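Structure file data.cif (mmCIF, C-alpha atoms and all ligand atoms) follows.
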data_run
loop_
_atom_site.label_atom_id
_atom_site.label_comp_id
_atom_site.auth_asym_id
_atom_site.auth_seq_id
_atom_site.Cartn_x
_atom_site.Cartn_y
_atom_site.Cartn_z
CA MET N 504 -71.63 54.70 85.51
CA ASN N 505 -72.80 57.04 88.29
CA ASP N 506 -75.75 54.86 89.22
CA ARG N 507 -73.65 51.74 89.74
CA PRO N 508 -70.46 51.04 91.70
CA LYS N 509 -67.04 51.11 90.08
CA VAL N 510 -66.15 47.44 89.41
CA THR N 511 -62.57 46.19 89.66
CA CYS N 512 -61.98 42.56 88.72
CA HIS N 513 -59.22 41.35 91.08
CA MET N 514 -57.83 37.87 90.41
CA THR N 515 -54.82 35.59 90.72
CA SER N 516 -53.85 33.67 87.62
CA SER N 517 -51.11 31.43 86.26
CA LEU N 518 -49.25 32.74 83.19
CA ASP N 519 -51.60 30.72 80.98
CA GLY N 520 -54.77 31.96 82.65
CA GLY N 521 -55.29 29.05 85.05
CA LEU N 522 -57.65 29.80 87.91
CA HIS N 523 -56.97 27.01 90.34
CA PRO N 524 -53.71 27.32 92.36
CA SER N 525 -53.85 23.62 93.30
CA ARG N 526 -52.97 22.90 89.64
CA TYR N 527 -50.12 25.41 89.33
CA THR N 528 -46.52 24.33 88.63
CA LYS N 529 -44.10 25.06 91.49
CA SER N 530 -41.75 28.04 91.71
CA PRO N 531 -38.38 28.21 93.49
CA LYS N 532 -39.33 31.71 94.70
CA GLY N 533 -42.45 31.03 96.75
CA VAL N 534 -45.45 28.82 97.37
CA VAL N 535 -49.17 29.27 96.73
CA LYS N 536 -49.64 30.56 100.30
CA ASP N 537 -47.26 33.48 99.54
CA TRP N 538 -49.14 34.25 96.33
CA SER N 539 -52.49 34.20 98.17
CA ALA N 540 -51.10 36.55 100.83
CA ALA N 541 -50.01 39.02 98.13
CA TYR N 542 -53.45 38.79 96.51
CA GLU N 543 -55.19 39.40 99.85
CA GLY N 544 -52.85 42.31 100.63
CA ILE N 545 -53.89 44.06 97.41
CA HIS N 546 -57.56 43.25 98.15
CA ASP N 547 -57.20 44.99 101.54
CA ALA N 548 -55.24 47.94 100.09
CA ILE N 549 -57.92 48.63 97.47
CA ALA N 550 -60.38 48.91 100.42
CA ALA N 551 -63.51 48.50 98.28
CA ASP N 552 -67.00 48.54 99.82
CA ALA N 553 -67.81 45.00 98.68
CA TRP N 554 -66.44 41.87 97.03
CA LEU N 555 -68.55 39.71 94.72
CA VAL N 556 -68.17 36.05 93.70
CA GLY N 557 -70.16 33.49 91.70
CA ARG N 558 -72.35 30.78 93.17
CA VAL N 559 -69.65 28.08 92.85
CA THR N 560 -66.99 30.17 94.62
CA MET N 561 -69.36 31.30 97.38
CA ALA N 562 -70.40 27.66 97.99
CA GLU N 563 -66.79 26.99 99.07
CA MET N 564 -67.22 29.63 101.83
CA ALA N 565 -70.92 29.55 102.79
CA LYS N 566 -70.95 25.91 103.93
CA GLY N 567 -74.61 25.92 105.03
CA ALA N 568 -77.16 23.13 104.54
CA PRO N 569 -80.77 23.78 103.40
CA HIS N 570 -82.92 24.74 106.41
CA PRO N 571 -86.13 26.39 105.13
CA PRO N 572 -88.37 27.57 107.99
CA ALA N 573 -91.35 25.27 108.71
CA GLY N 574 -93.71 28.20 108.23
CA HIS N 575 -93.16 31.83 107.38
CA GLY N 576 -95.08 35.07 106.96
CA ALA N 577 -94.82 37.47 104.05
CA VAL N 578 -91.32 37.78 102.62
CA GLU N 579 -89.84 40.98 101.27
CA ARG N 580 -89.39 41.31 97.48
CA PRO N 581 -87.43 42.49 95.61
CA VAL N 582 -85.02 43.70 98.30
CA HIS N 583 -84.35 42.65 101.88
CA VAL N 584 -81.72 44.60 103.79
CA ALA N 585 -80.40 42.79 106.87
CA ARG N 586 -77.44 45.17 107.41
CA ARG N 587 -76.99 48.64 105.94
CA ASP N 588 -74.03 50.04 107.85
CA ALA N 589 -71.26 47.54 107.01
CA LYS N 590 -67.74 48.61 106.03
CA THR N 591 -67.50 45.74 103.49
CA TYR N 592 -70.17 43.44 102.04
CA ALA N 593 -69.77 39.91 100.62
CA VAL N 594 -71.97 39.56 97.53
CA ALA N 595 -72.88 36.32 95.70
CA VAL N 596 -74.62 35.71 92.36
CA ASP N 597 -77.03 32.77 92.83
CA ARG N 598 -79.69 32.67 90.09
CA SER N 599 -81.74 29.77 91.45
CA GLY N 600 -81.17 29.91 95.21
CA LYS N 601 -78.71 27.05 95.64
CA LEU N 602 -76.62 28.73 98.33
CA HIS N 603 -77.29 28.14 102.03
CA PHE N 604 -75.59 29.99 104.85
CA ALA N 605 -74.74 28.98 108.38
CA LYS N 606 -74.58 32.69 109.39
CA GLY N 607 -75.15 36.12 107.90
CA ASP N 608 -71.53 37.02 107.22
CA ILE N 609 -68.36 35.69 105.62
CA GLY N 610 -65.33 36.58 107.72
CA GLY N 611 -67.29 39.45 109.29
CA ASP N 612 -68.54 40.87 105.96
CA PRO N 613 -72.39 40.78 105.82
CA VAL N 614 -73.72 38.72 102.89
CA VAL N 615 -75.93 40.02 100.08
CA VAL N 616 -77.26 37.44 97.57
CA LEU N 617 -78.38 38.35 94.02
CA LEU N 618 -81.18 35.98 92.97
CA GLY N 619 -83.32 35.27 89.92
CA GLY N 620 -87.04 36.08 90.08
CA GLY N 621 -88.06 32.40 90.13
CA VAL N 622 -86.67 31.77 93.61
CA GLU N 623 -89.23 30.47 96.11
CA ASP N 624 -90.47 32.46 99.10
CA ARG N 625 -89.30 29.80 101.54
CA HIS N 626 -85.71 30.28 100.32
CA LEU N 627 -86.00 34.03 100.86
CA ALA N 628 -87.40 33.37 104.35
CA GLU N 629 -84.40 31.12 105.08
CA LEU N 630 -81.97 33.83 103.97
CA ALA N 631 -83.74 36.54 105.97
CA GLY N 632 -83.79 34.24 109.02
CA ASP N 633 -80.03 33.82 108.70
CA GLY N 634 -79.47 37.59 108.61
CA VAL N 635 -78.61 37.53 104.90
CA SER N 636 -79.65 40.44 102.65
CA TYR N 637 -80.92 39.75 99.13
CA ILE N 638 -81.93 41.37 95.84
CA VAL N 639 -84.39 39.46 93.61
CA ALA N 640 -84.41 40.12 89.86
CA GLU N 641 -87.62 41.01 88.03
CA GLY N 642 -87.32 38.05 85.62
CA PRO N 643 -85.75 34.59 85.85
CA GLU N 644 -82.34 35.92 84.77
CA ILE N 645 -80.35 38.40 86.84
CA ASP N 646 -79.76 41.74 85.11
CA LEU N 647 -76.30 42.40 86.54
CA GLY N 648 -76.34 46.15 85.74
CA THR N 649 -79.64 46.61 87.58
CA ALA N 650 -78.37 44.55 90.52
CA LEU N 651 -75.25 46.74 90.74
CA ALA N 652 -77.41 49.87 90.78
CA VAL N 653 -79.47 48.43 93.66
CA LEU N 654 -76.26 47.58 95.56
CA ARG N 655 -75.25 51.22 95.26
CA ARG N 656 -78.66 52.65 96.15
CA GLU N 657 -79.60 50.33 99.02
CA PHE N 658 -76.19 49.48 100.52
CA GLY N 659 -74.12 52.54 99.53
CA ILE N 660 -71.59 50.38 97.65
CA GLY N 661 -69.42 52.72 95.56
CA HIS N 662 -66.57 50.35 94.67
CA LEU N 663 -66.94 46.60 94.22
CA LEU N 664 -64.24 43.97 93.73
CA LEU N 665 -65.27 41.22 91.30
CA GLU N 666 -63.31 38.18 92.52
CA GLY N 667 -64.27 35.17 90.42
CA GLY N 668 -64.58 32.54 89.44
CA GLY N 669 -64.24 32.61 85.72
CA GLY N 670 -67.98 32.21 85.11
CA VAL N 671 -69.06 35.30 86.95
CA ASN N 672 -66.07 37.35 85.74
CA GLY N 673 -67.01 36.51 82.15
CA SER N 674 -70.66 37.50 82.73
CA PHE N 675 -69.71 40.94 84.07
CA LEU N 676 -67.09 41.55 81.35
CA ALA N 677 -69.45 40.53 78.54
CA ALA N 678 -72.10 42.88 79.97
CA GLY N 679 -69.63 45.81 79.91
CA LEU N 680 -69.75 46.15 83.70
CA VAL N 681 -66.01 45.97 84.54
CA ASP N 682 -64.01 49.20 84.80
CA GLU N 683 -60.62 47.91 85.87
CA LEU N 684 -58.69 44.64 85.88
CA SER N 685 -56.21 43.88 88.70
CA LEU N 686 -54.34 40.68 87.92
CA VAL N 687 -51.79 39.05 90.23
CA LEU N 688 -49.81 36.89 87.83
CA ALA N 689 -48.07 33.91 89.44
CA PRO N 690 -44.83 32.42 88.04
CA ALA N 691 -46.70 29.21 87.22
CA LEU N 692 -48.33 27.27 84.41
CA VAL N 693 -51.28 24.90 84.38
CA GLY N 694 -51.49 23.52 80.86
CA ARG N 695 -54.78 22.34 79.48
CA VAL N 696 -56.39 19.63 81.62
CA GLY N 697 -59.13 18.38 79.33
CA GLU N 698 -62.46 20.17 79.62
CA GLU N 699 -61.87 20.78 83.31
CA THR N 700 -59.43 23.64 82.80
CA ILE N 701 -60.94 26.77 84.34
CA ALA N 702 -59.95 30.12 82.86
CA VAL N 703 -59.95 33.43 84.73
CA PHE N 704 -62.51 34.78 82.25
CA GLY N 705 -64.76 31.87 81.40
CA THR N 706 -67.18 33.07 78.81
CA GLU N 707 -68.07 32.24 75.22
CA GLY N 708 -65.88 34.98 73.76
CA LEU N 709 -65.02 38.57 74.55
CA GLN N 710 -63.63 39.65 71.17
CA GLY N 711 -65.30 42.88 70.10
CA LYS N 712 -66.75 43.45 73.57
CA VAL N 713 -63.94 45.04 75.63
CA GLU N 714 -60.60 46.83 75.18
CA LEU N 715 -57.78 46.91 77.76
CA THR N 716 -55.37 49.79 78.42
CA LEU N 717 -52.38 49.21 80.68
CA LEU N 718 -52.45 51.33 83.86
CA GLY N 719 -49.49 49.85 85.73
CA VAL N 720 -47.11 46.94 86.21
CA GLU N 721 -45.46 46.18 89.55
CA THR N 722 -43.05 43.37 90.43
CA LEU N 723 -43.93 41.93 93.82
CA GLU N 724 -42.18 39.51 96.18
CA HIS N 725 -42.03 35.84 95.13
CA ASP N 726 -41.70 36.74 91.42
CA LEU N 727 -45.33 37.85 91.23
CA LEU N 728 -46.45 40.55 88.80
CA HIS N 729 -49.33 42.90 89.55
CA LEU N 730 -50.89 44.10 86.30
CA ARG N 731 -53.58 46.78 86.19
CA TYR N 732 -55.67 47.58 83.12
CA ALA N 733 -58.52 50.00 82.42
CA VAL N 734 -61.40 48.14 80.77
CA THR N 735 -63.57 49.96 78.23
CA PRO N 736 -66.36 48.73 75.96
CA SER N 737 -65.17 47.95 72.42
N1 LIG D 801 -57.66 32.35 91.22
C1 LIG D 801 -58.53 33.11 91.82
O1 LIG D 801 -58.21 34.27 92.12
C2 LIG D 801 -59.93 32.58 92.12
C3 LIG D 801 -60.89 33.47 92.60
C4 LIG D 801 -62.20 32.99 92.81
C5 LIG D 801 -62.50 31.65 92.57
N2 LIG D 801 -61.56 30.81 92.14
C6 LIG D 801 -61.92 29.38 91.85
O2 LIG D 801 -62.82 29.38 90.73
C7 LIG D 801 -63.63 28.21 90.77
C8 LIG D 801 -65.07 28.52 90.45
O3 LIG D 801 -65.17 29.18 89.21
P1 LIG D 801 -66.44 28.98 88.25
O4 LIG D 801 -66.21 29.82 87.06
O5 LIG D 801 -66.67 27.50 88.09
O6 LIG D 801 -67.69 29.48 89.13
P2 LIG D 801 -68.20 30.91 89.71
O7 LIG D 801 -67.92 32.02 88.76
O8 LIG D 801 -67.76 31.05 91.13
O9 LIG D 801 -69.78 30.66 89.73
C9 LIG D 801 -70.44 30.47 88.51
C10 LIG D 801 -71.90 30.43 88.81
O10 LIG D 801 -72.35 31.70 89.21
C11 LIG D 801 -73.63 31.91 88.67
N3 LIG D 801 -73.58 32.97 87.66
C12 LIG D 801 -72.52 33.43 86.99
N4 LIG D 801 -72.88 34.41 86.13
C13 LIG D 801 -74.21 34.55 86.28
C14 LIG D 801 -75.17 35.39 85.67
N5 LIG D 801 -74.84 36.29 84.73
N6 LIG D 801 -76.45 35.27 86.06
C15 LIG D 801 -76.79 34.38 86.99
N7 LIG D 801 -75.93 33.55 87.61
C16 LIG D 801 -74.67 33.65 87.24
C17 LIG D 801 -74.07 30.59 88.00
O11 LIG D 801 -74.68 29.82 89.02
P3 LIG D 801 -75.78 28.67 88.67
O12 LIG D 801 -75.01 27.55 88.02
O13 LIG D 801 -76.34 28.30 89.98
O14 LIG D 801 -76.78 29.31 87.75
C18 LIG D 801 -72.72 30.02 87.61
O15 LIG D 801 -72.72 28.63 87.43
C19 LIG D 801 -63.48 27.66 92.17
O16 LIG D 801 -62.72 26.48 92.09
C20 LIG D 801 -62.72 28.73 92.93
O17 LIG D 801 -61.86 28.20 93.93
C21 LIG D 801 -60.27 31.24 91.91
#
Show me the file's structure as structure tokens.
Ligand SMILES: NC(=O)c1ccc[n+]([C@@H]2O[C@H](COP(=O)([O-])OP(=O)(O)OC[C@H]3O[C@@H](n4cnc5c(N)ncnc54)[C@H](OP(=O)(O)O)[C@@H]3O)[C@@H](O)[C@H]2O)c1
Amino acid sequence: MNDRPKVTCHMTSSLDGGLHPSRYTKSPKGVVKDWSAAYEGIHDAIAADAWLVGRVTMAEMAKGAPHPPAGHGAVERPVHVARRDAKTYAVAVDRSGKLHFAKGDIGGDPVVVLLGGGVEDRHLAELAGDGVSYIVAEGPEIDLGTALAVLRREFGIGHLLLEGGGGVNGSFLAAGLVDELSLVLAPALVGRVGEETIAVFGTEGLQGKVELTLLGVETLEHDLLHLRYAVTPS
């Protein structure tokens, strides 16, 4: 635990675990914008050193097109540090280098990308040219525990917020790398929408892997509930 950051998974969910607010039923006590504001307020209050999202979620924010440099010199592996002194970092898990950035930060938070070992040098050169930091795994798959330890050692990240989507949340939970769950529960339902329904913890199954212990329940404005749980390996 000491060699990696504390990890708090912070998410908004419908009562039935739905991830996408655009599919939530309405509430007479508030709209999705109010719920997002409450979620962001808790994010700010926790004041972690970094927030981390999966490749799909980061693609909604990065908005860059591929622009590999025409030619490049030697690239740094396994770690390139573009910024070391940031208050908060934005971290993305991108196994095969599909993410492209228009600049080196998201909302002022410098970006760090976690990549699989098979990623090409020209992609690393593109990231470095954009002012993006990166950590490349030894093998084709990303060892999330090792990547967390590097985030702590190289960037001084002591507390990280894991903020979705369901795919990346499930990966961290299944690997026993989540210490706390912070869930903002909206007064809404989604219902099952065929195979497209996205759950807050999208993984094959967590039974026998983790145990939750309630730390606190708070009723917020707009009929929201803030639930906090300690997460321990089962
Ligand atoms: N309600 C909320 O609070 C909230 C918060 C965040 C996001 N969201 C929503 O959630 C949706 C996206 O969720 P999602 O589950 O589809 O995607 P996601 O978790 O954002 O990204 C999943 C991708 O991340 C990469 N990844 C995850 N675990 C990995 C691992 N262990 N090793 C290597 N790569 C790994 C994979 O990328 P590759 O496929 O490239 O290998 C995987 O497909 C979006 O619509 C977003 O708006 C909601």
Selection: 7 Å around range 613-623 of chain N, all atoms listed in the file, excl. self and same-chain fewer than 5 positions, as a list in words: Arg586, Ala589, Tyr592, Ala593, Val594, Ala595, Val596, Asp597, Arg598, Ser599, Gly600, Gly607, Asp608, Val635, Ser636, Tyr637, Ile638, Val639, Ala640, Glu641, Gly642, Pro643, Glu644 and Ile645 of chain N
Pick from N:Glu724, N:Ala677, N:His603, N:Val687, whichever lies nearest to Ser516 in chain N using only C-alpha atoms: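 Nearest candidate to Ser516 in chain N out of N:Glu724, N:Ala677, N:His603, N:Val687: N:Val687.
When only C-alpha atoms are used to compute distances to Ala691 in chain N, the closest of the residues N:Pro524, N:Gly648, N:Gly705, N:Gly659 turns out to be N:Pro524.
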Atom pair CA of Leu665 in chain N / CA of Thr511 in chain N: separation (Å): 5.9 Å
Pairwise distance for CA of Lys601 in chain N and CA of Ala568 in chain N, rounded to one decimal in Å: 9.8 Å
Nearby residues, ligand LIG 801 (chain D), 6 Å, only C-alpha atoms and all ligand atoms, as number ranges by chain: N: 514-516, 522-523, 556-560, 596-599, 645, 666-671, 674
With C-alpha atoms retained, export the selected residues as a PDB file, keeping the file's coordinate frame.
ATOM      1  CA  MET N 514     -57.830  37.870  90.410  1.00  0.00           C
ATOM      2  CA  THR N 515     -54.820  35.590  90.720  1.00  0.00           C
ATOM      3  CA  SER N 516     -53.850  33.670  87.620  1.00  0.00           C
ATOM      4  CA  LEU N 522     -57.650  29.800  87.910  1.00  0.00           C
ATOM      5  CA  HIS N 523     -56.970  27.010  90.340  1.00  0.00           C
ATOM      6  CA  VAL N 556     -68.170  36.050  93.700  1.00  0.00           C
ATOM      7  CA  GLY N 557     -70.160  33.490  91.700  1.00  0.00           C
ATOM      8  CA  ARG N 558     -72.350  30.780  93.170  1.00  0.00           C
ATOM      9  CA  VAL N 559     -69.650  28.080  92.850  1.00  0.00           C
ATOM     10  CA  THR N 560     -66.990  30.170  94.620  1.00  0.00           C
ATOM     11  CA  VAL N 596     -74.620  35.710  92.360  1.00  0.00           C
ATOM     12  CA  ASP N 597     -77.030  32.770  92.830  1.00  0.00           C
ATOM     13  CA  ARG N 598     -79.690  32.670  90.090  1.00  0.00           C
ATOM     14  CA  SER N 599     -81.740  29.770  91.450  1.00  0.00           C
ATOM     15  CA  ILE N 645     -80.350  38.400  86.840  1.00  0.00           C
ATOM     16  CA  GLU N 666     -63.310  38.180  92.520  1.00  0.00           C
ATOM     17  CA  GLY N 667     -64.270  35.170  90.420  1.00  0.00           C
ATOM     18  CA  GLY N 668     -64.580  32.540  89.440  1.00  0.00           C
ATOM     19  CA  GLY N 669     -64.240  32.610  85.720  1.00  0.00           C
ATOM     20  CA  GLY N 670     -67.980  32.210  85.110  1.00  0.00           C
ATOM     21  CA  VAL N 671     -69.060  35.300  86.950  1.00  0.00           C
ATOM     22  CA  SER N 674     -70.660  37.500  82.730  1.00  0.00           C
TER      23      SER N 674
END
Exercise: residues within 10 Å of coordinate (-47.5, 43.1, 87.3), counting all atoms listed in the file, as a ChimeraX atom specification: /N:685-689,719-723,726-731
If you keep C-alpha atoms, can you produce a file of those selected residues as a compact mmCIF listing (two decimals), in the coordinates of the input?
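Result written to again-v5.txt:
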# COMPACT_ATOMS: atom_id res chain seq x y z
CA SER N 685 -56.21 43.88 88.70
CA LEU N 686 -54.34 40.68 87.92
CA VAL N 687 -51.79 39.05 90.23
CA LEU N 688 -49.81 36.89 87.83
CA ALA N 689 -48.07 33.91 89.44
CA GLY N 719 -49.49 49.85 85.73
CA VAL N 720 -47.11 46.94 86.21
CA GLU N 721 -45.46 46.18 89.55
CA THR N 722 -43.05 43.37 90.43
CA LEU N 723 -43.93 41.93 93.82
CA ASP N 726 -41.70 36.74 91.42
CA LEU N 727 -45.33 37.85 91.23
CA LEU N 728 -46.45 40.55 88.80
CA HIS N 729 -49.33 42.90 89.55
CA LEU N 730 -50.89 44.10 86.30
CA ARG N 731 -53.58 46.78 86.19
Atom-to-atom span, CA of Ala733 in chain N and CA of Val681 in chain N, Å: 8.8 Å
Spatial neighbours of Val510 in chain N, 6 Å, only C-alpha atoms, chain gap at least 3 places, as number ranges by chain: N: 663-664, 681-682
Shortest interatomic distance to Gly533 in chain N - which of N:Gly520, N:His626, N:Pro690, N:Ala562, counting only C-alpha atoms: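 Closest candidate: N:Pro690.
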Exercise: Leu715 in chain N partners within 7 Å, all atoms listed in the file, chain neighbours under 3 positions left out, as a VMD selection string: chain N and resid 732 to 735
